Each structure stands twice: as C-alpha cells, then as structure tokens.
Amino acid sequence: MFRSFMPLALDAARAAAARGEVPVGAVISRGDEAIAVEGNRMREQGDPTGHAEMLAIRAACAALGVSRLSGCAIWVTLEPCAMCAGAIAHARLDRLHFGAADPKSGGVLHGARVFSHPQAHHRPEIHDGIDAEASASLLRDFFEGRR
C-alpha cells in the first residue's frame, strides 16, 4: 500500500485558487517523501506552461539533481492535459495519480490520450479518481465564483 499525497495536492490547489489561479495542485513523491508541491501559476508567471504538473516536475528535478524522475510518482488534483501528460512521459514518472477527470481538456483518459499512442515515450501506471469529488468541488466553486 502507498501513502496518498492527494491531501498535499489539494492544499496546493487551494493555495492556487487563493492567488486567483485555476485550483490545480500537484505533488511529486518518492517513497514516503514529498519532493515537490506546486499549484498553478500561469497568471502569476505570465506563462502558459505554468501548470502545477510542469512546475512540480521542474522543482523535483532540481531538488534531486536529475532530468528523469524514475522511482517517483505524481499526484494531481485534475487529469493532466496533453502538455503535462507529455512532460510526465518525458520525466519517466512511474505512477500518475489524479483526482477529477477532465473530459474537456484532459490528455490521459480524454482528448489526446497521450499514453495510449504507440509513440508514447513512457507509460506510467495510472490511478484515477483519487479524492475526485474534493478536486472537482474546488474547480466548481472556483468557476462558479467567476460567473
């Protein structure tokens, strides 16, 4: 059995929402240790690649001094988009755990289905639906507040 890092990812998503960002959080873990915890920062950084997953991958690589994260897992509150799924493959993360599905922009179970293509560089183990309602609720509340 593994320790769930989704509570940390949810905290990072809440912090992102407090900054006015879409509430998505990501954690990179290795064993029982959180290596990186990040939330979306696209608006703050003026960077369309400022997704929580991208930032967490960069931070974990920097912390470990590596360019590949074999032996690590990523925990994300929302199904990664195609860009982030591609980065997960290139980083060689062993496992992807995510909360809410994203039928509109997801790139794992929906849309591009990055890991299903024969050209995929790497296919992590995928575990979906972890704390899905809490993740979806954060997103719903955020967007309802914007309307």
# chains A, B, ... in the order shown; residues from 1 in each chain; ligands from 1
call {"tool": "select_by_dssp", "arguments": {"residues": "segment 106-145 of chain A", "states": "alpha helix (DSSP H)", "output": "PyMOL selection string"}}
result
chain A and resi 132-145
call {"tool": "write_last_selection", "arguments": {"atoms": "all heavy atoms", "output": "mmCIF file, in the first residue's frame"}}
result
data_model
loop_
_atom_site.group_PDB
_atom_site.id
_atom_site.type_symbol
_atom_site.label_atom_id
_atom_site.label_comp_id
_atom_site.auth_asym_id
_atom_site.auth_seq_id
_atom_site.Cartn_x
_atom_site.Cartn_y
_atom_site.Cartn_z
ATOM 1 N N ALA A 132 -11.593 12.462 -5.983
ATOM 2 C CA ALA A 132 -12.158 13.115 -7.166
ATOM 3 C C ALA A 132 -13.199 14.161 -6.808
ATOM 4 O O ALA A 132 -13.225 15.243 -7.411
ATOM 5 C CB ALA A 132 -12.760 12.077 -8.115
ATOM 6 N N GLU A 133 -14.067 13.870 -5.839
ATOM 7 C CA GLU A 133 -15.118 14.831 -5.500
ATOM 8 C C GLU A 133 -14.534 16.094 -4.878
ATOM 9 O O GLU A 133 -14.957 17.203 -5.213
ATOM 10 C CB GLU A 133 -16.163 14.201 -4.565
ATOM 11 C CG GLU A 133 -17.328 15.127 -4.265
ATOM 12 C CD GLU A 133 -17.962 15.788 -5.496
ATOM 13 O OE1 GLU A 133 -18.154 15.129 -6.518
ATOM 14 O OE2 GLU A 133 -18.262 17.006 -5.417
ATOM 15 N N ALA A 134 -13.552 15.958 -4.010
ATOM 16 C CA ALA A 134 -12.921 17.138 -3.409
ATOM 17 C C ALA A 134 -12.234 17.972 -4.487
ATOM 18 O O ALA A 134 -12.314 19.206 -4.483
ATOM 19 C CB ALA A 134 -11.916 16.714 -2.333
ATOM 20 N N SER A 135 -11.573 17.312 -5.423
ATOM 21 C CA SER A 135 -10.895 18.012 -6.517
ATOM 22 C C SER A 135 -11.898 18.727 -7.414
ATOM 23 O O SER A 135 -11.717 19.900 -7.757
ATOM 24 C CB SER A 135 -10.075 17.021 -7.348
ATOM 25 O OG SER A 135 -9.074 16.416 -6.564
ATOM 26 N N ALA A 136 -12.954 18.030 -7.791
ATOM 27 C CA ALA A 136 -13.978 18.610 -8.659
ATOM 28 C C ALA A 136 -14.695 19.761 -7.968
ATOM 29 O O ALA A 136 -15.009 20.779 -8.602
ATOM 30 C CB ALA A 136 -14.971 17.535 -9.088
ATOM 31 N N SER A 137 -14.927 19.629 -6.674
ATOM 32 C CA SER A 137 -15.610 20.672 -5.910
ATOM 33 C C SER A 137 -14.805 21.963 -5.897
ATOM 34 O O SER A 137 -15.368 23.062 -6.043
ATOM 35 C CB SER A 137 -15.857 20.178 -4.488
ATOM 36 O OG SER A 137 -16.458 21.179 -3.718
ATOM 37 N N LEU A 138 -13.488 21.870 -5.732
ATOM 38 C CA LEU A 138 -12.635 23.060 -5.784
ATOM 39 C C LEU A 138 -12.783 23.782 -7.123
ATOM 40 O O LEU A 138 -12.894 25.011 -7.168
ATOM 41 C CB LEU A 138 -11.165 22.672 -5.601
ATOM 42 C CG LEU A 138 -10.662 22.429 -4.202
ATOM 43 C CD1 LEU A 138 -9.230 21.897 -4.242
ATOM 44 C CD2 LEU A 138 -10.716 23.709 -3.385
ATOM 45 N N LEU A 139 -12.770 23.027 -8.187
ATOM 46 C CA LEU A 139 -12.893 23.609 -9.520
ATOM 47 C C LEU A 139 -14.277 24.228 -9.740
ATOM 48 O O LEU A 139 -14.394 25.353 -10.227
ATOM 49 C CB LEU A 139 -12.602 22.556 -10.584
ATOM 50 C CG LEU A 139 -11.143 22.128 -10.655
ATOM 51 C CD1 LEU A 139 -11.008 20.760 -11.312
ATOM 52 C CD2 LEU A 139 -10.320 23.167 -11.395
ATOM 53 N N ARG A 140 -15.319 23.498 -9.342
ATOM 54 C CA ARG A 140 -16.688 24.016 -9.486
ATOM 55 C C ARG A 140 -16.849 25.332 -8.732
ATOM 56 O O ARG A 140 -17.350 26.322 -9.271
ATOM 57 C CB ARG A 140 -17.703 23.000 -8.953
ATOM 58 C CG ARG A 140 -18.335 22.128 -9.987
ATOM 59 C CD ARG A 140 -19.551 21.372 -9.452
ATOM 60 N NE ARG A 140 -19.339 20.749 -8.155
ATOM 61 C CZ ARG A 140 -18.816 19.535 -7.965
ATOM 62 N NH1 ARG A 140 -18.447 18.797 -8.992
ATOM 63 N NH2 ARG A 140 -18.677 19.050 -6.755
ATOM 64 N N ASP A 141 -16.418 25.336 -7.471
ATOM 65 C CA ASP A 141 -16.555 26.541 -6.645
ATOM 66 C C ASP A 141 -15.782 27.711 -7.244
ATOM 67 O O ASP A 141 -16.261 28.843 -7.249
ATOM 68 C CB ASP A 141 -16.068 26.279 -5.214
ATOM 69 C CG ASP A 141 -16.955 25.289 -4.465
ATOM 70 O OD1 ASP A 141 -18.065 24.963 -4.960
ATOM 71 O OD2 ASP A 141 -16.523 24.826 -3.391
ATOM 72 N N PHE A 142 -14.597 27.444 -7.745
ATOM 73 C CA PHE A 142 -13.763 28.493 -8.330
ATOM 74 C C PHE A 142 -14.458 29.120 -9.541
ATOM 75 O O PHE A 142 -14.583 30.338 -9.647
ATOM 76 C CB PHE A 142 -12.407 27.918 -8.737
ATOM 77 C CG PHE A 142 -11.500 28.909 -9.408
ATOM 78 C CD1 PHE A 142 -10.754 29.810 -8.650
ATOM 79 C CD2 PHE A 142 -11.374 28.941 -10.783
ATOM 80 C CE1 PHE A 142 -9.911 30.735 -9.263
ATOM 81 C CE2 PHE A 142 -10.538 29.850 -11.406
ATOM 82 C CZ PHE A 142 -9.797 30.751 -10.636
ATOM 83 N N PHE A 143 -14.941 28.280 -10.457
ATOM 84 C CA PHE A 143 -15.546 28.800 -11.676
ATOM 85 C C PHE A 143 -16.924 29.396 -11.428
ATOM 86 O O PHE A 143 -17.305 30.373 -12.091
ATOM 87 C CB PHE A 143 -15.553 27.745 -12.779
ATOM 88 C CG PHE A 143 -14.187 27.513 -13.354
ATOM 89 C CD1 PHE A 143 -13.526 26.315 -13.151
ATOM 90 C CD2 PHE A 143 -13.554 28.502 -14.080
ATOM 91 C CE1 PHE A 143 -12.243 26.114 -13.666
ATOM 92 C CE2 PHE A 143 -12.286 28.325 -14.592
ATOM 93 C CZ PHE A 143 -11.630 27.125 -14.389
ATOM 94 N N GLU A 144 -17.679 28.880 -10.460
ATOM 95 C CA GLU A 144 -18.971 29.488 -10.115
ATOM 96 C C GLU A 144 -18.759 30.893 -9.567
ATOM 97 O O GLU A 144 -19.530 31.800 -9.833
ATOM 98 C CB GLU A 144 -19.727 28.617 -9.110
ATOM 99 C CG GLU A 144 -20.389 27.426 -9.735
ATOM 100 C CD GLU A 144 -21.059 26.503 -8.722
ATOM 101 O OE1 GLU A 144 -21.108 26.844 -7.511
ATOM 102 O OE2 GLU A 144 -21.517 25.443 -9.155
ATOM 103 N N GLY A 145 -17.673 31.081 -8.813
ATOM 104 C CA GLY A 145 -17.350 32.395 -8.263
ATOM 105 C C GLY A 145 -16.942 33.394 -9.326
ATOM 106 O O GLY A 145 -16.968 34.600 -9.094
#
call {"tool": "select_by_dssp", "arguments": {"residues": "segment 67-132 of chain A", "states": "strand (DSSP E)", "output": "ChimeraX atom specification"}}
result
/A:73-78,95-100,125-128
call {"tool": "residues_around", "arguments": {"residues": "Leu96 of chain A", "least_positions_apart": "3", "cutoff": "6 Å", "atoms": "only C-alpha atoms", "output": "ChimeraX atom specification"}}
result
/A:73-74,126
call {"tool": "write_last_selection", "arguments": {"atoms": "N, CA, C and O atoms", "output": "PDB file, in the first residue's frame"}}
result
ATOM      1  N   ALA A  73       6.435   9.309  -8.174  1.00  0.00           N
ATOM      2  CA  ALA A  73       5.033   9.367  -8.601  1.00  0.00           C
ATOM      3  C   ALA A  73       4.592  10.820  -8.618  1.00  0.00           C
ATOM      4  O   ALA A  73       5.174  11.658  -7.925  1.00  0.00           O
ATOM      5  N   ILE A  74       3.585  11.111  -9.416  1.00  0.00           N
ATOM      6  CA  ILE A  74       2.973  12.438  -9.408  1.00  0.00           C
ATOM      7  C   ILE A  74       1.517  12.299  -9.006  1.00  0.00           C
ATOM      8  O   ILE A  74       0.838  11.363  -9.413  1.00  0.00           O
ATOM      9  N   ILE A 126      -1.382   4.326 -14.107  1.00  0.00           N
ATOM     10  CA  ILE A 126      -2.358   5.397 -13.918  1.00  0.00           C
ATOM     11  C   ILE A 126      -3.407   4.971 -12.906  1.00  0.00           C
ATOM     12  O   ILE A 126      -3.996   3.897 -13.016  1.00  0.00           O
TER      13      ILE A 126
END
call {"tool": "closest_residue", "arguments": {"among": "A:Asp47, A:Glu38, A:Glu21, A:Glu53", "to": "Leu8 of chain A", "atoms": "only C-alpha atoms"}}
result
A:Glu38
call {"tool": "closest_residue", "arguments": {"among": "A:Ala36, A:Cys84, A:Leu78, A:Gln45", "to": "Ala63 of chain A", "atoms": "only C-alpha atoms"}}
result
A:Ala36
call {"tool": "residues_around", "arguments": {"residues": "Glu125 of chain A", "least_positions_apart": "3", "cutoff": "9 Å", "atoms": "only C-alpha atoms", "output": "PyMOL selection string"}}
result
chain A and resi 93-97
call {"tool": "write_last_selection", "arguments": {"atoms": "N, CA, C and O atoms", "output": "PDB file, in the first residue's frame"}}
result
ATOM      1  N   LEU A  93       8.141   9.427 -14.936  1.00  0.00           N
ATOM      2  CA  LEU A  93       7.500   9.166 -13.647  1.00  0.00           C
ATOM      3  C   LEU A  93       6.865   7.779 -13.668  1.00  0.00           C
ATOM      4  O   LEU A  93       6.253   7.385 -14.665  1.00  0.00           O
ATOM      5  N   ASP A  94       7.008   7.047 -12.577  1.00  0.00           N
ATOM      6  CA  ASP A  94       6.499   5.671 -12.514  1.00  0.00           C
ATOM      7  C   ASP A  94       4.980   5.596 -12.459  1.00  0.00           C
ATOM      8  O   ASP A  94       4.373   4.716 -13.056  1.00  0.00           O
ATOM      9  N   ARG A  95       4.381   6.505 -11.674  1.00  0.00           N
ATOM     10  CA  ARG A  95       2.938   6.454 -11.449  1.00  0.00           C
ATOM     11  C   ARG A  95       2.326   7.845 -11.540  1.00  0.00           C
ATOM     12  O   ARG A  95       2.930   8.822 -11.120  1.00  0.00           O
ATOM     13  N   LEU A  96       1.110   7.877 -12.074  1.00  0.00           N
ATOM     14  CA  LEU A  96       0.295   9.079 -12.120  1.00  0.00           C
ATOM     15  C   LEU A  96      -0.974   8.803 -11.336  1.00  0.00           C
ATOM     16  O   LEU A  96      -1.700   7.862 -11.645  1.00  0.00           O
ATOM     17  N   HIS A  97      -1.202   9.608 -10.302  1.00  0.00           N
ATOM     18  CA  HIS A  97      -2.428   9.532  -9.507  1.00  0.00           C
ATOM     19  C   HIS A  97      -3.153  10.854  -9.718  1.00  0.00           C
ATOM     20  O   HIS A  97      -2.549  11.910  -9.526  1.00  0.00           O
TER      21      HIS A  97
END
call {"tool": "atom_distance", "arguments": {"atom1": "atom CA of Ser67 of chain A", "atom2": "atom CA of Pro48 of chain A"}}
result
21.4 Å
call {"tool": "residues_around", "arguments": {"residues": "Ala16 of chain A", "least_positions_apart": "3", "cutoff": "9 Å", "atoms": "only C-alpha atoms", "output": "list in words"}}
result
Asp11, Ala12, Ala13, Arg19, Gly20, Glu21, Val22, Pro23, Val24, Gly25, Glu38, Gly39, Asn40 and Arg41 of chain A
call {"tool": "residues_around", "arguments": {"residues": "Ala120 of chain A", "least_positions_apart": "6", "cutoff": "9 Å", "atoms": "only C-alpha atoms", "output": "ChimeraX atom specification"}}
result
/A:86,89,114
call {"tool": "write_last_selection", "arguments": {"atoms": "N, CA, C and O atoms", "output": "PDB file, in the first residue's frame"}}
result
ATOM      1  N   GLY A  86       2.591  14.730 -21.615  1.00  0.00           N
ATOM      2  CA  GLY A  86       3.848  14.581 -22.348  1.00  0.00           C
ATOM      3  C   GLY A  86       5.046  14.790 -21.435  1.00  0.00           C
ATOM      4  O   GLY A  86       6.028  14.045 -21.503  1.00  0.00           O
ATOM      5  N   ALA A  89       5.557  11.790 -19.247  1.00  0.00           N
ATOM      6  CA  ALA A  89       6.224  10.719 -20.000  1.00  0.00           C
ATOM      7  C   ALA A  89       7.714  10.994 -20.125  1.00  0.00           C
ATOM      8  O   ALA A  89       8.536  10.113 -19.871  1.00  0.00           O
ATOM      9  N   VAL A 114      -2.554  10.719 -24.414  1.00  0.00           N
ATOM     10  CA  VAL A 114      -1.113  10.698 -24.703  1.00  0.00           C
ATOM     11  C   VAL A 114      -0.468   9.332 -24.474  1.00  0.00           C
ATOM     12  O   VAL A 114       0.338   8.878 -25.281  1.00  0.00           O
TER      13      VAL A 114
END
call {"tool": "residues_around", "arguments": {"residues": "Ser116 of chain A", "least_positions_apart": "3", "cutoff": "12 Å", "atoms": "only C-alpha atoms", "output": "list in words"}}
result
Ala82, Ala85, Gly86, Ala89, Gly107, Val108, Leu109, His110, Gly111, Ala112, Arg113, Gln119, Ala120, His121, His122, Arg123, Pro124, Glu125 and Ile126 of chain A
call {"tool": "closest_residue", "arguments": {"among": "A:Ala62, A:Arg92, A:His117, A:Gly129", "to": "Glu79 of chain A", "atoms": "only C-alpha atoms"}}
result
A:Gly129
